[in-house]
>>> print(open('start14.csv').read())   # CSV, C-alpha atoms and all ligand atoms
chain,number,residue,atom,x,y,z
A,14,MET,CA,0.0,0.0,0.0
A,15,LYS,CA,1.1,3.5,-0.7
A,16,ASN,CA,2.6,5.4,2.2
A,17,THR,CA,0.4,8.2,3.6
A,18,TYR,CA,2.0,11.3,5.1
A,19,ILE,CA,-0.4,13.4,7.2
A,20,LEU,CA,0.5,16.8,8.6
A,21,ALA,CA,-1.7,17.5,11.6
A,22,ILE,CA,-2.4,20.8,13.4
A,23,GLU,CA,-3.9,21.2,16.8
A,24,SER,CA,-4.8,24.7,18.3
A,25,SER,CA,-8.0,24.2,20.2
A,26,CYS,CA,-6.8,25.7,23.6
A,27,ASP,CA,-3.5,27.0,24.7
A,28,ASP,CA,-1.0,24.6,23.0
A,29,THR,CA,0.1,25.1,19.4
A,30,SER,CA,1.0,21.7,18.0
A,31,ALA,CA,2.0,20.2,14.7
A,32,ALA,CA,2.8,16.5,13.9
A,33,VAL,CA,3.7,14.5,10.9
A,34,LEU,CA,2.6,10.9,10.6
A,35,LEU,CA,3.6,8.1,8.2
A,36,ASN,CA,0.5,6.0,8.2
A,37,ASP,CA,-0.3,5.3,11.8
A,38,LYS,CA,3.2,6.1,13.1
A,39,VAL,CA,4.4,9.4,14.5
A,40,LEU,CA,7.5,10.9,12.8
A,41,SER,CA,7.3,14.2,14.8
A,42,ASN,CA,5.0,15.8,17.3
A,43,GLU,CA,6.0,19.4,18.2
A,44,VAL,CA,4.2,21.3,20.9
A,45,ALA,CA,4.6,25.0,21.9
A,46,ASN,CA,3.1,25.7,25.3
A,47,GLN,CA,1.9,29.2,26.2
A,48,SER,CA,3.4,30.4,29.5
A,49,VAL,CA,1.6,33.8,29.0
A,50,HIS,CA,-1.5,32.5,30.9
A,51,GLU,CA,0.3,31.5,34.1
A,52,GLN,CA,0.1,35.0,35.6
A,53,TYR,CA,-3.7,35.1,35.1
A,54,GLY,CA,-4.4,31.7,36.7
A,55,GLY,CA,-6.2,30.4,33.6
A,56,VAL,CA,-6.3,30.5,29.8
A,57,VAL,CA,-7.0,34.0,28.5
A,58,PRO,CA,-8.7,33.3,25.1
A,59,GLU,CA,-7.5,36.5,23.3
A,60,LEU,CA,-3.9,35.9,24.4
A,61,ALA,CA,-4.1,32.3,23.4
A,62,SER,CA,-5.1,33.1,19.8
A,63,ARG,CA,-2.3,35.7,19.5
A,64,ALA,CA,0.2,33.2,20.8
A,65,HIS,CA,-1.0,30.6,18.3
A,66,LEU,CA,-0.5,33.2,15.5
A,67,GLN,CA,3.1,33.6,16.5
A,68,ASN,CA,3.7,29.9,17.0
A,69,ILE,CA,2.0,28.2,14.2
A,70,VAL,CA,4.5,28.9,11.3
A,71,PRO,CA,7.6,27.8,13.3
A,72,VAL,CA,5.9,24.8,14.9
A,73,VAL,CA,4.7,23.5,11.5
A,74,ALA,CA,8.2,24.1,10.0
A,75,GLN,CA,9.8,22.2,13.0
A,76,ALA,CA,7.4,19.3,12.7
A,77,LEU,CA,8.3,18.9,9.0
A,78,GLU,CA,12.0,19.3,9.6
A,79,LYS,CA,12.1,16.7,12.4
A,80,ALA,CA,10.1,14.3,10.4
A,81,LYS,CA,12.4,14.9,7.4
A,82,VAL,CA,9.3,15.2,5.2
A,83,GLY,CA,9.0,17.9,2.5
A,84,LYS,CA,5.7,19.7,2.0
A,85,GLU,CA,5.4,18.2,-1.5
A,86,GLU,CA,5.4,14.7,0.0
A,87,LEU,CA,2.3,15.4,2.2
A,88,SER,CA,-0.8,13.4,1.3
A,89,ALA,CA,-3.2,15.5,3.3
A,90,ILE,CA,-3.6,18.1,6.1
A,91,ALA,CA,-5.7,17.3,9.2
A,92,PHE,CA,-6.7,20.0,11.7
A,93,THR,CA,-8.8,20.4,14.9
A,94,ARG,CA,-12.2,21.9,13.9
A,95,GLY,CA,-13.5,21.8,17.5
A,96,PRO,CA,-14.5,21.8,20.2
A,97,GLY,CA,-12.4,24.5,21.8
A,98,LEU,CA,-11.8,28.2,21.9
A,99,MET,CA,-13.1,30.1,18.9
A,100,GLY,CA,-10.1,32.4,18.4
A,101,SER,CA,-7.6,29.5,19.0
A,102,LEU,CA,-9.4,27.1,16.6
A,103,LEU,CA,-9.5,29.8,13.9
A,104,VAL,CA,-5.7,30.0,13.7
A,105,GLY,CA,-5.3,26.3,13.1
A,106,THR,CA,-8.3,26.0,10.8
A,107,SER,CA,-7.2,29.0,8.6
A,108,PHE,CA,-3.6,27.8,8.5
A,109,ALA,CA,-4.6,24.2,7.5
A,110,LYS,CA,-7.1,25.4,4.8
A,111,SER,CA,-4.5,27.8,3.2
A,112,MET,CA,-1.7,25.2,3.2
A,113,ALA,CA,-3.9,22.5,1.8
A,114,MET,CA,-5.1,24.9,-0.9
A,115,GLY,CA,-1.6,26.0,-1.7
A,116,LEU,CA,-0.4,22.4,-2.0
A,117,GLY,CA,-3.5,21.2,-3.7
A,118,ILE,CA,-4.0,18.3,-1.3
A,119,PRO,CA,-7.0,17.0,0.7
A,120,LEU,CA,-8.1,18.7,4.0
A,121,ILE,CA,-9.4,16.6,6.9
A,122,GLU,CA,-11.3,18.0,9.8
A,123,VAL,CA,-11.0,16.4,13.2
A,124,ASN,CA,-13.0,16.4,16.4
A,125,HIS,CA,-10.6,17.1,19.3
A,126,MET,CA,-12.5,14.7,21.7
A,127,GLN,CA,-12.5,11.9,19.2
A,128,ALA,CA,-8.8,12.5,18.8
A,129,HIS,CA,-8.2,12.1,22.6
A,130,ILE,CA,-9.9,8.7,22.3
A,131,LEU,CA,-8.2,7.5,19.0
A,132,ALA,CA,-4.8,8.5,20.4
A,133,HIS,CA,-4.7,4.9,21.6
A,134,PHE,CA,-4.2,3.8,17.9
A,135,ILE,CA,-1.0,5.7,17.3
A,136,ASP,CA,1.2,2.7,16.6
A,137,GLU,CA,4.2,2.1,18.8
A,138,GLY,CA,3.9,-1.6,19.0
A,139,GLN,CA,1.6,-1.5,22.0
A,140,LYS,CA,-1.6,-3.4,22.7
A,141,LYS,CA,-4.6,-1.5,21.4
A,142,PRO,CA,-8.2,-1.5,22.6
A,143,GLU,CA,-10.6,-3.7,20.6
A,144,PHE,CA,-14.1,-2.4,19.6
A,145,PRO,CA,-16.4,-1.9,21.3
A,146,PHE,CA,-14.5,-0.3,24.2
A,147,LEU,CA,-15.3,2.4,26.8
A,148,ALA,CA,-13.2,5.6,26.8
A,149,MET,CA,-13.1,8.1,29.6
A,150,THR,CA,-11.9,11.4,28.3
A,151,ILE,CA,-10.7,13.6,31.2
A,152,SER,CA,-9.2,17.0,30.5
A,153,GLY,CA,-9.3,20.7,31.4
A,154,GLY,CA,-12.4,21.1,29.1
A,155,HIS,CA,-14.2,17.8,29.2
A,156,THR,CA,-15.2,14.8,31.2
A,157,GLN,CA,-17.0,12.1,29.3
A,158,ILE,CA,-17.5,8.4,29.2
A,159,VAL,CA,-17.9,7.3,25.6
A,160,LYS,CA,-18.8,3.9,24.1
A,161,VAL,CA,-16.6,3.5,21.1
A,162,ASN,CA,-18.1,1.1,18.6
A,163,SER,CA,-15.7,1.7,15.8
A,164,PHE,CA,-13.2,4.5,14.7
A,165,PHE,CA,-16.1,6.8,13.8
A,166,ASP,CA,-19.1,5.5,15.7
A,167,MET,CA,-19.0,6.8,19.3
A,168,GLU,CA,-21.8,7.4,21.8
A,169,ILE,CA,-21.5,9.6,24.8
A,170,LEU,CA,-22.9,7.7,27.8
A,171,GLY,CA,-22.2,10.4,30.4
A,172,GLU,CA,-20.5,13.7,30.8
A,173,THR,CA,-20.0,16.5,33.2
A,174,LEU,CA,-23.0,18.8,34.0
A,175,ASP,CA,-20.7,21.6,35.1
A,176,ASP,CA,-16.9,21.7,35.6
A,177,ALA,CA,-14.5,19.4,33.9
A,178,VAL,CA,-12.3,17.2,36.1
A,179,GLY,CA,-9.2,19.2,35.1
A,180,GLU,CA,-11.0,22.3,36.3
A,181,ALA,CA,-11.6,20.6,39.6
A,182,PHE,CA,-7.9,20.0,39.9
A,183,ASP,CA,-6.9,23.4,38.7
A,184,LYS,CA,-9.5,25.3,40.9
A,185,THR,CA,-8.5,23.3,44.0
A,186,ALA,CA,-4.9,24.3,43.2
A,187,LYS,CA,-5.9,27.9,42.9
A,188,ILE,CA,-7.7,27.8,46.3
A,189,LEU,CA,-4.4,26.4,47.8
A,190,GLY,CA,-2.4,29.3,46.2
A,191,LEU,CA,-0.7,27.1,43.6
A,192,PRO,CA,0.1,28.4,40.1
A,193,TYR,CA,-1.8,27.5,37.0
A,194,PRO,CA,-2.3,24.8,35.8
A,195,GLY,CA,-2.3,23.2,39.2
A,196,GLY,CA,-3.3,19.7,38.3
A,197,PRO,CA,0.2,18.3,38.0
A,198,LEU,CA,1.2,20.1,41.2
A,199,ILE,CA,-1.7,18.5,43.2
A,200,ASP,CA,-0.5,15.2,41.8
A,201,THR,CA,3.1,15.8,43.0
A,202,TYR,CA,2.1,17.0,46.5
A,203,ALA,CA,-0.5,14.2,46.8
A,204,LYS,CA,2.3,11.6,46.6
A,205,GLU,CA,3.6,12.7,50.0
A,206,GLY,CA,0.2,13.0,51.7
A,207,ASN,CA,-2.5,10.9,53.4
A,208,PRO,CA,-5.5,10.4,51.1
A,209,GLU,CA,-7.7,9.8,54.1
A,210,ALA,CA,-6.6,12.9,56.1
A,211,PHE,CA,-9.7,14.9,55.1
A,212,ALA,CA,-13.1,13.8,53.8
A,213,PHE,CA,-14.8,15.8,51.1
A,214,ALA,CA,-18.4,15.2,50.1
A,215,LYS,CA,-18.9,13.4,46.7
A,216,PRO,CA,-21.7,14.5,44.4
A,217,ASN,CA,-24.7,12.3,44.0
A,218,ILE,CA,-25.4,12.4,40.3
A,219,SER,CA,-27.6,9.8,38.7
A,220,GLY,CA,-26.5,7.7,35.7
A,221,LEU,CA,-23.1,8.2,34.2
A,222,ASN,CA,-23.0,12.0,34.3
A,223,PHE,CA,-20.5,13.9,36.5
A,224,SER,CA,-20.5,17.1,38.5
A,225,PHE,CA,-17.4,18.7,40.0
A,226,SER,CA,-18.6,22.2,41.0
A,227,GLY,CA,-19.9,21.1,44.4
A,228,LEU,CA,-16.6,19.5,45.3
A,229,LYS,CA,-14.7,22.7,44.4
A,230,THR,CA,-17.1,24.7,46.7
A,231,GLY,CA,-16.8,22.1,49.4
A,232,ILE,CA,-13.0,22.4,49.4
A,233,LEU,CA,-13.1,26.2,49.3
A,234,TYR,CA,-15.4,26.4,52.4
A,235,PHE,CA,-13.3,23.8,54.2
A,236,ILE,CA,-10.1,25.8,53.5
A,237,GLN,CA,-11.7,29.1,54.5
A,238,LYS,CA,-12.9,27.6,57.8
A,239,GLN,CA,-9.6,26.0,58.7
A,240,THR,CA,-7.4,29.0,57.8
A,241,ALA,CA,-9.7,31.2,60.0
A,242,LEU,CA,-8.6,28.9,62.9
A,243,ASN,CA,-5.0,28.5,61.8
A,244,ALA,CA,-3.5,30.9,59.3
A,245,ASN,CA,-0.8,28.3,58.4
A,246,PHE,CA,-3.3,25.5,57.8
A,247,ILE,CA,-2.5,25.2,54.0
A,248,SER,CA,1.2,25.2,54.3
A,249,GLU,CA,1.2,22.8,57.3
A,250,ASN,CA,-1.2,20.4,55.6
A,251,LEU,CA,-0.6,20.8,51.8
A,252,ALA,CA,0.3,17.2,51.0
A,253,ASP,CA,-2.6,15.8,53.0
A,254,ILE,CA,-5.1,18.3,51.4
A,255,CYS,CA,-3.8,17.5,47.9
A,256,ALA,CA,-3.9,13.7,48.6
A,257,SER,CA,-7.4,13.9,50.0
A,258,ALA,CA,-8.8,16.1,47.2
A,259,GLN,CA,-7.1,13.8,44.5
A,260,HIS,CA,-8.4,10.7,46.3
A,261,THR,CA,-12.0,12.1,46.2
A,262,ILE,CA,-11.7,12.9,42.5
A,263,VAL,CA,-10.3,9.5,41.7
A,264,GLN,CA,-13.1,7.8,43.5
A,265,ILE,CA,-15.7,9.8,41.7
A,266,LEU,CA,-14.2,8.8,38.3
A,267,MET,CA,-13.7,5.1,39.2
A,268,ASN,CA,-17.2,4.7,40.6
A,269,LYS,CA,-18.7,6.0,37.3
A,270,LEU,CA,-16.4,3.7,35.3
A,271,LYS,CA,-17.6,0.7,37.4
A,272,LYS,CA,-21.2,1.7,36.7
A,273,ALA,CA,-20.5,2.1,33.0
A,274,VAL,CA,-18.9,-1.4,32.9
A,275,LYS,CA,-22.0,-2.8,34.7
A,276,GLN,CA,-24.4,-1.1,32.3
A,277,THR,CA,-22.6,-2.1,29.1
A,278,GLY,CA,-20.9,-5.3,29.9
A,279,ILE,CA,-17.7,-3.9,28.2
A,280,LYS,CA,-14.5,-4.5,30.0
A,281,GLN,CA,-12.0,-2.8,27.7
A,282,ILE,CA,-11.4,0.6,29.3
A,283,ALA,CA,-9.3,3.3,27.8
A,284,ILE,CA,-8.6,6.7,29.3
A,285,GLY,CA,-7.4,9.9,27.5
A,286,GLY,CA,-7.0,13.6,27.9
A,287,GLY,CA,-4.6,15.7,30.0
A,288,VAL,CA,-5.9,14.5,33.4
A,289,SER,CA,-5.0,10.8,32.5
A,290,ALA,CA,-1.5,11.9,33.3
A,291,ASN,CA,-2.5,11.8,36.9
A,292,SER,CA,-0.7,9.1,38.9
A,293,GLY,CA,-3.6,8.5,41.3
A,294,ILE,CA,-5.9,7.8,38.4
A,295,ARG,CA,-3.4,5.6,36.6
A,296,THR,CA,-2.8,3.5,39.8
A,297,ALA,CA,-6.5,3.2,40.6
A,298,LEU,CA,-7.3,2.2,37.0
A,299,THR,CA,-4.7,-0.5,37.0
A,300,ALA,CA,-5.9,-1.8,40.4
A,301,MET,CA,-9.5,-1.9,39.2
A,302,GLY,CA,-8.4,-3.7,36.1
A,303,GLU,CA,-6.7,-6.4,38.2
A,304,GLN,CA,-9.7,-6.6,40.6
A,305,TYR,CA,-12.4,-6.8,38.0
A,306,GLY,CA,-10.7,-8.3,35.1
A,307,TRP,CA,-10.7,-5.2,32.9
A,308,ASP,CA,-8.2,-4.6,30.1
A,309,THR,CA,-7.0,-1.1,30.7
A,310,PHE,CA,-5.3,1.3,28.3
A,311,VAL,CA,-3.5,4.5,29.2
A,312,PRO,CA,-1.7,6.4,26.4
A,313,LYS,CA,1.9,7.7,26.7
A,314,PHE,CA,2.1,11.0,28.5
A,315,GLN,CA,2.8,13.0,25.3
A,316,TYR,CA,-0.4,11.6,23.7
A,317,CYS,CA,-2.5,12.4,26.8
A,318,THR,CA,-2.2,16.2,26.9
A,319,ASP,CA,-3.2,18.2,23.9
A,320,ASN,CA,-1.0,17.3,20.9
A,321,ALA,CA,-1.2,17.1,17.1
A,322,ALA,CA,-0.2,13.4,16.8
A,323,MET,CA,-3.7,12.4,18.0
A,324,ILE,CA,-5.2,14.7,15.4
A,325,GLY,CA,-2.9,13.0,12.8
A,326,ILE,CA,-4.1,9.5,13.7
A,327,VAL,CA,-7.7,10.5,13.2
A,328,GLY,CA,-6.6,12.2,9.9
A,329,TYR,CA,-5.0,8.9,8.8
A,330,TYR,CA,-8.1,6.8,9.4
A,331,LYS,CA,-10.3,9.5,7.7
A,332,TYR,CA,-7.8,9.6,4.8
A,333,LEU,CA,-8.3,5.8,4.3
A,334,ASN,CA,-12.0,6.4,4.2
A,335,GLY,CA,-11.7,9.3,1.8
A,336,ASP,CA,-13.5,11.5,4.4
A,337,PHE,CA,-12.3,14.9,3.3
A,338,THR,CA,-13.7,18.4,3.9
A,339,THR,CA,-13.9,21.5,1.7
A,340,GLN,CA,-12.6,25.0,1.9
A,341,ASN,CA,-16.0,26.0,3.2
A,342,THR,CA,-15.4,24.4,6.6
A,343,THR,CA,-15.3,26.7,9.6
A,344,ALA,CA,-14.0,26.4,13.2
A,345,GLN,CA,-16.7,25.0,15.5
A,346,PRO,CA,-16.2,25.7,19.2
A,347,ARG,CA,-19.1,23.5,20.2
A,348,LEU,CA,-18.5,20.7,17.8
A,349,SER,CA,-20.3,17.5,18.9
A,350,PHE,CA,-19.9,13.9,18.0
A,351,LYS,CA,-21.5,13.1,14.6
B,401,LIG,O1,-6.1,17.6,27.6
B,401,LIG,P1,-5.4,18.8,28.2
B,401,LIG,O2,-3.9,19.0,27.9
B,401,LIG,O3,-6.1,20.1,27.7
B,401,LIG,C1,-7.5,20.2,27.5
B,401,LIG,O4,-8.0,19.8,26.5
B,401,LIG,O5,-8.1,20.6,28.5
B,401,LIG,O6,-5.7,18.8,29.7
B,401,LIG,C2,-5.2,19.8,30.6
B,401,LIG,C3,-5.7,19.5,32.0
B,401,LIG,C4,-5.4,20.7,33.0
B,401,LIG,O7,-6.6,20.9,33.7
B,401,LIG,C5,-4.3,20.1,33.9
B,401,LIG,O8,-4.3,20.6,35.2
B,401,LIG,C6,-4.6,18.6,33.9
B,401,LIG,O9,-5.0,18.4,32.5
B,401,LIG,N1,-3.5,17.8,34.3
B,401,LIG,C7,-3.5,17.1,35.4
B,401,LIG,C8,-2.2,16.4,35.4
B,401,LIG,N2,-1.5,16.7,34.3
B,401,LIG,C9,-2.4,17.5,33.6
B,401,LIG,N3,-4.4,16.9,36.4
B,401,LIG,C10,-4.0,16.1,37.4
B,401,LIG,N4,-2.9,15.5,37.5
B,401,LIG,C11,-1.9,15.5,36.6
B,401,LIG,N5,-0.8,14.9,36.7
B,402,ZN,ZN,-7.7,18.2,25.1
>>> encode(input="start14.csv", output="structure tokens")
Amino acid sequence: MKNTYILAIESSCDDTSAAVLLNDKVLSNEVANQSVHEQYGGVVPELASRAHLQNIVPVVAQALEKAKVGKEELSAIAFTRGPGLMGSLLVGTSFAKSMAMGLGIPLIEVNHMQAHILAHFIDEGQKKPEFPFLAMTISGGHTQIVKVNSFFDMEILGETLDDAVGEAFDKTAKILGLPYPGGPLIDTYAKEGNPEAFAFAKPNISGLNFSFSGLKTGILYFIQKQTALNANFISENLADICASAQHTIVQILMNKLKKAVKQTGIKQIAIGGGVSANSGIRTALTAMGEQYGWDTFVPKFQYCTDNAAMIGIVGYYKYLNGDFTTQNTTAQPRLSFK
């Protein structure tokens, strides 16, 4: 079979990323992070789109150079159409459209959430999930449990009604005075702490949906109450607070997964999205797998957080199906599953 070279572009939030894939293998996966948001404690959409504008040309050039692939060798260009921030998506979308037009090659639109799921099919010789499987996508923008019937047939079984799980981590970190994004820091401190030190109330949401806004408020009130009694409460108990908050979040996620397995009878479980980098979640998932006989799949760290390689793998499978889009396509911040 002819070799397929896909250039993939991801710009849905605050990372500008470009990747080159040869069939289902990654030749390069360049990511430019945006530190400009740190001082604001969250992503500022207008600053994100300006940074994407500055980054996109060098990041794409680097990806091609690292892959040792010339523009004229490309088979198609894949890009994130949505969901995400409008201004950020516009940069990647416009760039991909112009480049595909200039080169006279097909253009492929990709749903960011499907890409987090299909990242498991980037081939590095690892074991891959078999259809149908359950995918839990956990990131700064989303929390979903999805039944994946085939590459392009996915059903959302449950999702968050308010905050995403990444926001629960980041907002907890903010309450504790930690810099943005605080999720990885909570993970680091949690390793030294006692997960049973403090008990936080878990939400009671029916079915497979999630809610994290109550947990954030619960942690905020708890911290306010304790610091009124002892001004040094946070610094004296940081590891225990982080471990307890993380433990609560992990339990919420694992309880829903258990429910999803019971409901569907599917025991192939894959996780994806930036929060799947969390060590507490990884450990709990492995333990549940052993206890209940699940096959569990966790992508490599660089394919968990936002990256263009995952856009490229979706691009590759769409290329095989001849599923191309036209120059009339537009960025779609609220893009849903088809
Ligand atoms: O998928 P991602 O890179 O971007 C979105 O699409 O949102 O996910 C970013 C989120 C942030 O909320 C970040 O704090 C969280 O993933 N995150 C973590 C960890 N690493 C990243 N949360 C908890 N523990 C981690 N180790
Ligand atoms: Zn993401």
>>> atom_distance(input="start14.csv", atom1="atom CA of Asn222 of chain A", atom2="atom CA of Thr173 of chain A")
5.5 Å
>>> residues_around(input="start14.csv", residues="Ala80 of chain A", least_positions_apart="4", cutoff="8 Å", atoms="only C-alpha atoms", output="JSON list (two decimals) with C-alpha atoms, keeping the file's coordinate frame")
[["chain", "number", "residue", "atom", "x", "y", "z"],
["A", 33, "VAL", "CA", 3.70, 14.50, 10.90],
["A", 40, "LEU", "CA", 7.50, 10.90, 12.80],
["A", 41, "SER", "CA", 7.30, 14.20, 14.80],
["A", 76, "ALA", "CA", 7.40, 19.30, 12.70]]
>>> residues_around(input="start14.csv", residues="Ser30 of chain A", least_positions_apart="4", cutoff="12 Å", atoms="all atoms listed in the file", output="JSON, numbers by chain")
{"A": [20, 21, 22, 23, 24, 25, 26, 41, 42, 43, 44, 45, 46, 47, 64, 65, 66, 68, 69, 70, 71, 72, 73, 74, 75, 76, 77, 91, 92, 93, 101, 102, 104, 105, 315, 316, 318, 319, 320, 321, 322, 323, 324, 325]}
>>> atom_distance(input="start14.csv", atom1="atom CA of Phe223 of chain A", atom2="atom CA of Ile326 of chain A")
28.4 Å
>>> residues_around(input="start14.csv", residues="segment 283-300 of chain A", least_positions_apart="5", cutoff="8 Å", atoms="all atoms listed in the file", output="PDB file with C-alpha atoms, keeping the file's coordinate frame")
ATOM      1  CA  HIS A 129      -8.200  12.100  22.600  1.00  0.00           C
ATOM      2  CA  ILE A 130      -9.900   8.700  22.300  1.00  0.00           C
ATOM      3  CA  ALA A 132      -4.800   8.500  20.400  1.00  0.00           C
ATOM      4  CA  HIS A 133      -4.700   4.900  21.600  1.00  0.00           C
ATOM      5  CA  PRO A 142      -8.200  -1.500  22.600  1.00  0.00           C
ATOM      6  CA  PHE A 146     -14.500  -0.300  24.200  1.00  0.00           C
ATOM      7  CA  LEU A 147     -15.300   2.400  26.800  1.00  0.00           C
ATOM      8  CA  ALA A 148     -13.200   5.600  26.800  1.00  0.00           C
ATOM      9  CA  MET A 149     -13.100   8.100  29.600  1.00  0.00           C
ATOM     10  CA  THR A 150     -11.900  11.400  28.300  1.00  0.00           C
ATOM     11  CA  ILE A 151     -10.700  13.600  31.200  1.00  0.00           C
ATOM     12  CA  SER A 152      -9.200  17.000  30.500  1.00  0.00           C
ATOM     13  CA  GLY A 153      -9.300  20.700  31.400  1.00  0.00           C
ATOM     14  CA  VAL A 178     -12.300  17.200  36.100  1.00  0.00           C
ATOM     15  CA  GLY A 179      -9.200  19.200  35.100  1.00  0.00           C
ATOM     16  CA  GLY A 196      -3.300  19.700  38.300  1.00  0.00           C
ATOM     17  CA  PRO A 197       0.200  18.300  38.000  1.00  0.00           C
ATOM     18  CA  ASP A 200      -0.500  15.200  41.800  1.00  0.00           C
ATOM     19  CA  GLN A 259      -7.100  13.800  44.500  1.00  0.00           C
ATOM     20  CA  HIS A 260      -8.400  10.700  46.300  1.00  0.00           C
ATOM     21  CA  VAL A 263     -10.300   9.500  41.700  1.00  0.00           C
ATOM     22  CA  MET A 267     -13.700   5.100  39.200  1.00  0.00           C
ATOM     23  CA  THR A 309      -7.000  -1.100  30.700  1.00  0.00           C
ATOM     24  CA  PHE A 310      -5.300   1.300  28.300  1.00  0.00           C
ATOM     25  CA  VAL A 311      -3.500   4.500  29.200  1.00  0.00           C
ATOM     26  CA  PRO A 312      -1.700   6.400  26.400  1.00  0.00           C
ATOM     27  CA  PHE A 314       2.100  11.000  28.500  1.00  0.00           C
ATOM     28  CA  CYS A 317      -2.500  12.400  26.800  1.00  0.00           C
ATOM     29  CA  THR A 318      -2.200  16.200  26.900  1.00  0.00           C
ATOM     30  CA  ASP A 319      -3.200  18.200  23.900  1.00  0.00           C
TER      31      ASP A 319
END
>>> closest_residue(input="start14.csv", among="A:Glu172, A:Glu205, A:Asp253, A:Glu180", to="ligand LIG 401 (chain B)", atoms="all atoms listed in the file")
A:Glu180
>>> closest_residue(input="start14.csv", among="A:Glu209, A:Asp183, A:Asp176, A:Glu143", to="Asp308 of chain A", atoms="only C-alpha atoms")
A:Glu143
>>> atom_distance(input="start14.csv", atom1="atom CA of Ala61 of chain A", atom2="atom CA of Val49 of chain A")
8.1 Å
>>> residues_around(input="start14.csv", residues="Asp136 of chain A", least_positions_apart="5", cutoff="9 Å", atoms="all atoms listed in the file", output="list in words")
Asp37, Lys38, Val39 and Lys141 of chain A
>>> write_last_selection(input="start14.csv", atoms="C-alpha atoms", output="PDB file, keeping the file's coordinate frame")
ATOM      1  CA  ASP A  37      -0.300   5.300  11.800  1.00  0.00           C
ATOM      2  CA  LYS A  38       3.200   6.100  13.100  1.00  0.00           C
ATOM      3  CA  VAL A  39       4.400   9.400  14.500  1.00  0.00           C
ATOM      4  CA  LYS A 141      -4.600  -1.500  21.400  1.00  0.00           C
TER       5      LYS A 141
END
>>> closest_residue(input="start14.csv", among="A:Gln52, A:Gln127, A:Thr338, A:Asn162", to="ligand ZN 402 (chain B)", atoms="only C-alpha atoms and all ligand atoms")
A:Gln127
>>> closest_residue(input="start14.csv", among="A:Tyr193, A:Gly95, A:Glu168, A:Glu59", to="ligand LIG 401 (chain B)", atoms="all atoms listed in the file")
A:Tyr193
>>> closest_residue(input="start14.csv", among="A:Asn217, A:Thr201, A:Ser224, A:Ser248", to="Gln157 of chain A", atoms="all atoms listed in the file")
A:Ser224
>>> residues_near_point(input="start14.csv", point="(-8.6, 14.4, 54.4)", cutoff="9 Å", atoms="all atoms listed in the file", output="list in words")
Asn207, Pro208, Glu209, Ala210, Phe211, Ala212, Phe213, Asp253, Ile254, Cys255, Ala256, Ser257, Ala258 and His260 of chain A
>>> closest_residue(input="start14.csv", among="A:Thr17, A:Thr156, A:Thr343, A:Gln139", to="ligand ZN 402 (chain B)", atoms="all atoms listed in the file")
A:Thr156
>>> residues_around(input="start14.csv", residues="Ile19 of chain A", least_positions_apart="6", cutoff="9 Å", atoms="only C-alpha atoms", output="PDB file with C-alpha atoms, in the frame of the given file")
ATOM      1  CA  ALA A  32       2.800  16.500  13.900  1.00  0.00           C
ATOM      2  CA  VAL A  33       3.700  14.500  10.900  1.00  0.00           C
ATOM      3  CA  LEU A  34       2.600  10.900  10.600  1.00  0.00           C
ATOM      4  CA  LEU A  35       3.600   8.100   8.200  1.00  0.00           C
ATOM      5  CA  ASN A  36       0.500   6.000   8.200  1.00  0.00           C
ATOM      6  CA  LEU A  87       2.300  15.400   2.200  1.00  0.00           C
ATOM      7  CA  SER A  88      -0.800  13.400   1.300  1.00  0.00           C
ATOM      8  CA  ALA A  89      -3.200  15.500   3.300  1.00  0.00           C
ATOM      9  CA  ILE A  90      -3.600  18.100   6.100  1.00  0.00           C
ATOM     10  CA  ALA A  91      -5.700  17.300   9.200  1.00  0.00           C
ATOM     11  CA  GLY A 325      -2.900  13.000  12.800  1.00  0.00           C
ATOM     12  CA  ILE A 326      -4.100   9.500  13.700  1.00  0.00           C
ATOM     13  CA  GLY A 328      -6.600  12.200   9.900  1.00  0.00           C
ATOM     14  CA  TYR A 329      -5.000   8.900   8.800  1.00  0.00           C
ATOM     15  CA  TYR A 332      -7.800   9.600   4.800  1.00  0.00           C
TER      16      TYR A 332
END
